[in-house]
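Q: Here it is: the structure, laid out below.
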Amino acid sequence: MPQKNDASIEVTGFEWVPSFARGRVRDLRVRWALEEIGLDYRSRLISAMDRPADYYREQPFGQVPYYREGDIALFESGAIALHIAEKDERLMPRDPAGRGRAITWVVAALNSIEPGIMHLIDIDLFCAGQEWAKLRRPDAVKQMEKRLDQLANMLGEKDWLEGRFTVGDLMMVSVLRILSPDQVTMPRALANYVARGEARPAFKAALAAQMADFLPDEAVKMEGVPA
Ligand SMILES: N[C@@H](CCC(=O)N[C@@H](CS)C(=O)NCC(=O)O)C(=O)O
């Protein structure tokens with residue numbers, strides 16, 4: 001869905017990130033949730049390298065995404081995704097048991113899966129080559145693979161964690177796709193699960209919108225950009 005500048009929902013993202021991060025910046029989760037239920041939004045882009053000082057009054061850590069909808073102002077992708085999901089049964093089941101499970105999976109994605117993945121990203125990307133990272137890597141991989149196996153067991157033969165797509169799957173797929181295939185062995189069932197999420201029209205639209213928003217490299221002053 002093209003960005004509508006008069007939309008009442010505003011999602012803040014970065015105007016430029018290095019190519020390895022494109023398609024993985026966390027405003028994608030928010031865009032995806034909005035696309036799933038057909039809500040228009042406009043993007044507001046800030047510089048990742050030179051964040052406006054007053055942005056920290058909105059997002060205390062200076063991170064993206066940040067979300068505005070009238071007088072509602074939210075940060076943390078999980079909180080934003082849950083807020084959006086509450087608007088529509090397609091993301092958040094109305095029955096209390098289903099709703100509770102969808103929320104549980106959002107928290108599991110962010111609290112039980114994403115930290116291990118980010119630890120591996122530190123090891124393989126941001127601290128690559130450092131002695132501690134080399135020493136730590138085998139155990140970190142082992143722990144991540146164990147967690148992925150446990151998740152795959154829970155998914156079983158189902159397409160989605162609770163049988164039908166919810167915001168819990170949106171967040172779990174978003175988190176799992178941070179991993180690249182050369183970092184860990186992902187169980188086949190989970191790789192297929194991620195591919196199913198990425199094949200959803202709403203995901204594709206969100207990804208295209210994020211990619212279209214990035215400035216080309218030539219437009220960016222490269223000082224201070226990590227290699
Ligand atoms: N827990 C936060 C994490 C947000 C986050 O790490 N955002 C990244 C972009 S994907 C960021 O802004 N990084 C820059 C920084 O941490 O300074 C969320 O889920 O919204």
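Ligands are numbered from 1 in the order shown, chains are lettered A, B, ... in the order of the structure tokens, and residues start at 1 in each chain.
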Residues at most 12 Å from Val107 in chain A, counting only C-alpha atoms, excluding those fewer than 3 positions away in the same chain, as a list in words?

A: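 Counting only the stated atoms, we get Glu76, Ser77, Gly78, Ala79, Ala81, Leu82, Gly100, Arg101, Ala102, Ile103, Thr104, Leu110, Asn111, Ser112, Ile113, Glu114, Pro115, Val167, Gly168, Asp169, Leu170, Met171, Met172 and Val175 of chain A.
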
Q: Would you give me, as CSV, each residue of chain A having an atom within 10 Å of an atom of ligand 1, along with its shortest atom pair and that distance in Å to one decimal, using only C-alpha atoms and all ligand atoms and sorting by chain and residue number?

A:
residue,atom,partner,partner_atom_place_in_ligand_line,distance
A:Thr12,CA,ligand 1,12 (O),9.9
A:Gly13,CA,ligand 1,9 (C),8.0
A:Phe14,CA,ligand 1,9 (C),7.9
A:Val17,CA,ligand 1,9 (C),9.1
A:Ala21,CA,ligand 1,10 (S),7.9
A:Arg22,CA,ligand 1,10 (S),9.4
A:Gly23,CA,ligand 1,10 (S),9.5
A:Arg24,CA,ligand 1,10 (S),6.5
A:Val25,CA,ligand 1,10 (S),3.8
A:Arg26,CA,ligand 1,10 (S),4.1
A:Asp27,CA,ligand 1,10 (S),7.0
A:Leu28,CA,ligand 1,10 (S),8.7
A:Arg29,CA,ligand 1,19 (O),8.9
A:Val30,CA,ligand 1,20 (O),9.4
A:Ala48,CA,ligand 1,14 (C),6.8
A:Met49,CA,ligand 1,17 (O),8.9
A:Arg51,CA,ligand 1,17 (O),9.1
A:Gln59,CA,ligand 1,20 (O),9.4
A:Phe61,CA,ligand 1,17 (O),6.7
A:Gly62,CA,ligand 1,17 (O),5.8
A:Gln63,CA,ligand 1,12 (O),3.1
A:Val64,CA,ligand 1,12 (O),4.1
A:Pro65,CA,ligand 1,20 (O),5.5
A:Tyr66,CA,ligand 1,20 (O),7.7
A:Leu74,CA,ligand 1,20 (O),9.6
A:Phe75,CA,ligand 1,20 (O),6.2
A:Glu76,CA,ligand 1,20 (O),3.4
A:Ser77,CA,ligand 1,20 (O),3.8
A:Gly78,CA,ligand 1,19 (O),5.9
A:Ala79,CA,ligand 1,20 (O),8.2
A:Ile80,CA,ligand 1,20 (O),8.3
A:Ala81,CA,ligand 1,19 (O),9.7
A:Leu110,CA,ligand 1,19 (O),7.5
A:Asn111,CA,ligand 1,1 (N),9.8
A:Glu114,CA,ligand 1,19 (O),9.4
A:Pro115,CA,ligand 1,1 (N),9.9
A:Met118,CA,ligand 1,6 (O),9.6
A:Met171,CA,ligand 1,19 (O),9.9
A:Val175,CA,ligand 1,19 (O),9.7
A:Ile178,CA,ligand 1,10 (S),9.9

Q: Those residues you just picked out, can you put them in a file as a tab-separated table (two decimals), in the first residue's frame with N, CA and C atoms?

A:
chain	number	residue	atom	x	y	z
A	12	THR	N	7.24	5.89	12.54
A	12	THR	CA	8.60	6.44	12.35
A	12	THR	C	9.59	5.32	12.07
A	13	GLY	N	10.38	5.52	11.03
A	13	GLY	CA	11.45	4.58	10.68
A	13	GLY	C	12.71	5.35	10.35
A	14	PHE	N	13.73	4.63	9.90
A	14	PHE	CA	14.98	5.28	9.53
A	14	PHE	C	14.99	5.59	8.04
A	17	VAL	N	19.58	2.83	6.18
A	17	VAL	CA	20.37	1.87	6.96
A	17	VAL	C	21.24	1.12	5.96
A	21	ALA	N	20.77	-4.42	6.77
A	21	ALA	CA	19.67	-4.19	7.72
A	21	ALA	C	18.34	-3.90	7.02
A	22	ARG	N	18.41	-3.64	5.72
A	22	ARG	CA	17.17	-3.29	5.01
A	22	ARG	C	16.21	-4.47	4.99
A	23	GLY	N	14.97	-4.23	5.25
A	23	GLY	CA	14.00	-5.32	5.33
A	23	GLY	C	13.98	-5.96	6.70
A	24	ARG	N	14.81	-5.45	7.63
A	24	ARG	CA	14.84	-6.00	8.97
A	24	ARG	C	14.62	-4.94	10.06
A	25	VAL	N	14.49	-3.72	9.66
A	25	VAL	CA	14.29	-2.67	10.66
A	25	VAL	C	12.87	-2.85	11.24
A	26	ARG	N	12.77	-2.63	12.54
A	26	ARG	CA	11.56	-3.07	13.25
A	26	ARG	C	10.29	-2.30	12.93
A	27	ASP	N	10.37	-1.18	12.22
A	27	ASP	CA	9.11	-0.56	11.80
A	27	ASP	C	8.38	-1.47	10.80
A	28	LEU	N	9.09	-2.44	10.22
A	28	LEU	CA	8.46	-3.39	9.30
A	28	LEU	C	7.32	-4.14	9.98
A	29	ARG	N	7.51	-4.49	11.26
A	29	ARG	CA	6.47	-5.23	12.00
A	29	ARG	C	5.19	-4.42	12.10
A	30	VAL	N	5.38	-3.14	12.31
A	30	VAL	CA	4.24	-2.24	12.47
A	30	VAL	C	3.54	-2.06	11.12
A	48	ALA	N	19.25	7.71	11.19
A	48	ALA	CA	19.75	6.80	12.23
A	48	ALA	C	21.07	7.30	12.79
A	49	MET	N	21.81	8.03	11.97
A	49	MET	CA	23.16	8.45	12.38
A	49	MET	C	23.14	9.78	13.13
A	51	ARG	N	20.22	11.40	15.03
A	51	ARG	CA	18.81	11.43	15.44
A	51	ARG	C	18.46	12.77	16.05
A	59	GLN	N	10.68	8.67	21.81
A	59	GLN	CA	11.14	7.29	22.02
A	59	GLN	C	12.36	7.41	22.93
A	61	PHE	N	14.72	5.74	23.96
A	61	PHE	CA	16.00	5.13	23.60
A	61	PHE	C	16.46	5.58	22.21
A	62	GLY	N	15.67	6.43	21.57
A	62	GLY	CA	16.05	6.93	20.26
A	62	GLY	C	15.85	5.92	19.15
A	63	GLN	N	15.12	4.85	19.45
A	63	GLN	CA	14.98	3.77	18.46
A	63	GLN	C	13.72	3.94	17.62
A	64	VAL	N	13.66	3.14	16.56
A	64	VAL	CA	12.43	3.00	15.79
A	64	VAL	C	11.95	1.56	15.98
A	65	PRO	N	10.65	1.31	15.90
A	65	PRO	CA	9.58	2.23	15.49
A	65	PRO	C	9.04	3.09	16.63
A	66	TYR	N	8.42	4.19	16.18
A	66	TYR	CA	7.60	5.01	17.06
A	66	TYR	C	6.29	5.20	16.31
A	74	LEU	N	3.02	5.61	20.90
A	74	LEU	CA	3.56	4.35	21.43
A	74	LEU	C	4.97	4.10	20.92
A	75	PHE	N	5.75	3.41	21.72
A	75	PHE	CA	7.01	2.85	21.24
A	75	PHE	C	7.05	1.40	21.67
A	76	GLU	N	8.07	0.68	21.23
A	76	GLU	CA	8.22	-0.78	21.37
A	76	GLU	C	7.32	-1.48	20.35
A	77	SER	N	7.97	-2.21	19.44
A	77	SER	CA	7.23	-2.85	18.35
A	77	SER	C	6.15	-3.80	18.88
A	78	GLY	N	6.42	-4.47	20.01
A	78	GLY	CA	5.43	-5.39	20.56
A	78	GLY	C	4.18	-4.65	21.02
A	79	ALA	N	4.38	-3.55	21.73
A	79	ALA	CA	3.24	-2.77	22.22
A	79	ALA	C	2.44	-2.21	21.05
A	80	ILE	N	3.16	-1.77	20.03
A	80	ILE	CA	2.47	-1.17	18.87
A	80	ILE	C	1.68	-2.26	18.12
A	81	ALA	N	2.32	-3.41	17.92
A	81	ALA	CA	1.63	-4.50	17.20
A	81	ALA	C	0.38	-4.93	17.97
A	110	LEU	N	9.26	-11.95	21.54
A	110	LEU	CA	10.13	-10.84	21.93
A	110	LEU	C	11.01	-11.17	23.13
A	111	ASN	N	10.53	-12.09	23.96
A	111	ASN	CA	11.19	-12.30	25.25
A	111	ASN	C	11.95	-13.63	25.31
A	114	GLU	N	13.72	-13.63	20.54
A	114	GLU	CA	14.53	-12.53	19.98
A	114	GLU	C	15.85	-12.28	20.74
A	115	PRO	N	15.87	-12.38	22.07
A	115	PRO	CA	17.16	-12.10	22.74
A	115	PRO	C	18.28	-13.03	22.28
A	118	MET	N	19.39	-11.93	18.85
A	118	MET	CA	20.19	-10.70	18.88
A	118	MET	C	21.59	-10.96	19.45
A	171	MET	N	4.55	-11.52	14.87
A	171	MET	CA	5.75	-11.16	15.62
A	171	MET	C	6.79	-12.28	15.57
A	175	VAL	N	10.56	-11.96	14.03
A	175	VAL	CA	11.76	-12.20	14.84
A	175	VAL	C	12.64	-13.28	14.19
A	178	ILE	N	15.07	-12.49	11.28
A	178	ILE	CA	16.33	-11.74	11.52
A	178	ILE	C	17.51	-12.68	11.30

Q: Excluding same-chain residues fewer than 5 positions from range 133-146 of chain A, what lies within 9 Å of it counting only C-alpha atoms, as a ChimeraX atom specification?

A: /A:113,116-117,119-120,122-124,127-128,151,183-187

Q: Write the residues of the preceding selection, restricted to N, CA and C atoms, as a PDB file, in the first residue's frame.

A:
ATOM      1  N   ILE A 113      12.606 -15.651  22.254  1.00  0.00           N
ATOM      2  CA  ILE A 113      13.290 -15.987  20.999  1.00  0.00           C
ATOM      3  C   ILE A 113      14.227 -14.854  20.552  1.00  0.00           C
ATOM      4  N   GLY A 116      17.992 -14.318  22.110  1.00  0.00           N
ATOM      5  CA  GLY A 116      19.021 -15.261  21.643  1.00  0.00           C
ATOM      6  C   GLY A 116      19.468 -14.933  20.230  1.00  0.00           C
ATOM      7  N   ILE A 117      18.513 -14.515  19.413  1.00  0.00           N
ATOM      8  CA  ILE A 117      18.853 -14.149  18.030  1.00  0.00           C
ATOM      9  C   ILE A 117      19.737 -12.903  18.028  1.00  0.00           C
ATOM     10  N   HIS A 119      21.659 -11.929  20.366  1.00  0.00           N
ATOM     11  CA  HIS A 119      22.974 -12.312  20.894  1.00  0.00           C
ATOM     12  C   HIS A 119      23.835 -12.867  19.743  1.00  0.00           C
ATOM     13  N   LEU A 120      23.223 -13.699  18.903  1.00  0.00           N
ATOM     14  CA  LEU A 120      23.962 -14.238  17.753  1.00  0.00           C
ATOM     15  C   LEU A 120      24.330 -13.156  16.741  1.00  0.00           C
ATOM     16  N   ASP A 122      25.007 -10.093  17.514  1.00  0.00           N
ATOM     17  CA  ASP A 122      26.177  -9.443  18.123  1.00  0.00           C
ATOM     18  C   ASP A 122      27.444 -10.243  17.816  1.00  0.00           C
ATOM     19  N   ILE A 123      27.341 -11.550  18.022  1.00  0.00           N
ATOM     20  CA  ILE A 123      28.506 -12.417  17.840  1.00  0.00           C
ATOM     21  C   ILE A 123      28.962 -12.417  16.374  1.00  0.00           C
ATOM     22  N   ASP A 124      27.999 -12.551  15.452  1.00  0.00           N
ATOM     23  CA  ASP A 124      28.345 -12.760  14.040  1.00  0.00           C
ATOM     24  C   ASP A 124      28.529 -11.468  13.258  1.00  0.00           C
ATOM     25  N   CYS A 127      30.217  -7.857  16.625  1.00  0.00           N
ATOM     26  CA  CYS A 127      31.469  -8.143  17.341  1.00  0.00           C
ATOM     27  C   CYS A 127      32.270  -9.236  16.621  1.00  0.00           C
ATOM     28  N   ALA A 128      31.965  -9.419  15.348  1.00  0.00           N
ATOM     29  CA  ALA A 128      32.624 -10.499  14.591  1.00  0.00           C
ATOM     30  C   ALA A 128      34.135 -10.361  14.707  1.00  0.00           C
ATOM     31  N   LEU A 151      10.336 -24.659  19.624  1.00  0.00           N
ATOM     32  CA  LEU A 151       9.277 -23.899  18.946  1.00  0.00           C
ATOM     33  C   LEU A 151       8.681 -24.726  17.801  1.00  0.00           C
ATOM     34  N   GLN A 183      23.592 -18.898   9.988  1.00  0.00           N
ATOM     35  CA  GLN A 183      23.901 -18.707  11.417  1.00  0.00           C
ATOM     36  C   GLN A 183      23.556 -19.911  12.272  1.00  0.00           C
ATOM     37  N   VAL A 184      22.420 -20.529  11.985  1.00  0.00           N
ATOM     38  CA  VAL A 184      21.978 -21.704  12.757  1.00  0.00           C
ATOM     39  C   VAL A 184      21.255 -22.651  11.803  1.00  0.00           C
ATOM     40  N   THR A 185      21.050 -23.872  12.265  1.00  0.00           N
ATOM     41  CA  THR A 185      20.203 -24.793  11.511  1.00  0.00           C
ATOM     42  C   THR A 185      18.777 -24.600  11.989  1.00  0.00           C
ATOM     43  N   MET A 186      17.952 -24.095  11.087  1.00  0.00           N
ATOM     44  CA  MET A 186      16.557 -23.890  11.461  1.00  0.00           C
ATOM     45  C   MET A 186      15.751 -25.118  11.050  1.00  0.00           C
ATOM     46  N   PRO A 187      14.948 -25.678  11.961  1.00  0.00           N
ATOM     47  CA  PRO A 187      14.133 -26.833  11.581  1.00  0.00           C
ATOM     48  C   PRO A 187      13.300 -26.507  10.329  1.00  0.00           C
TER      49      PRO A 187
END

Q: Give the alpha helix (DSSP H) residues of range 19-195 of chain A, as DSSP finds them on the backbone, and put them as number ranges by chain.

A: A: 27-36, 77-85, 96-108, 114-121, 131-155, 167-176, 188-195
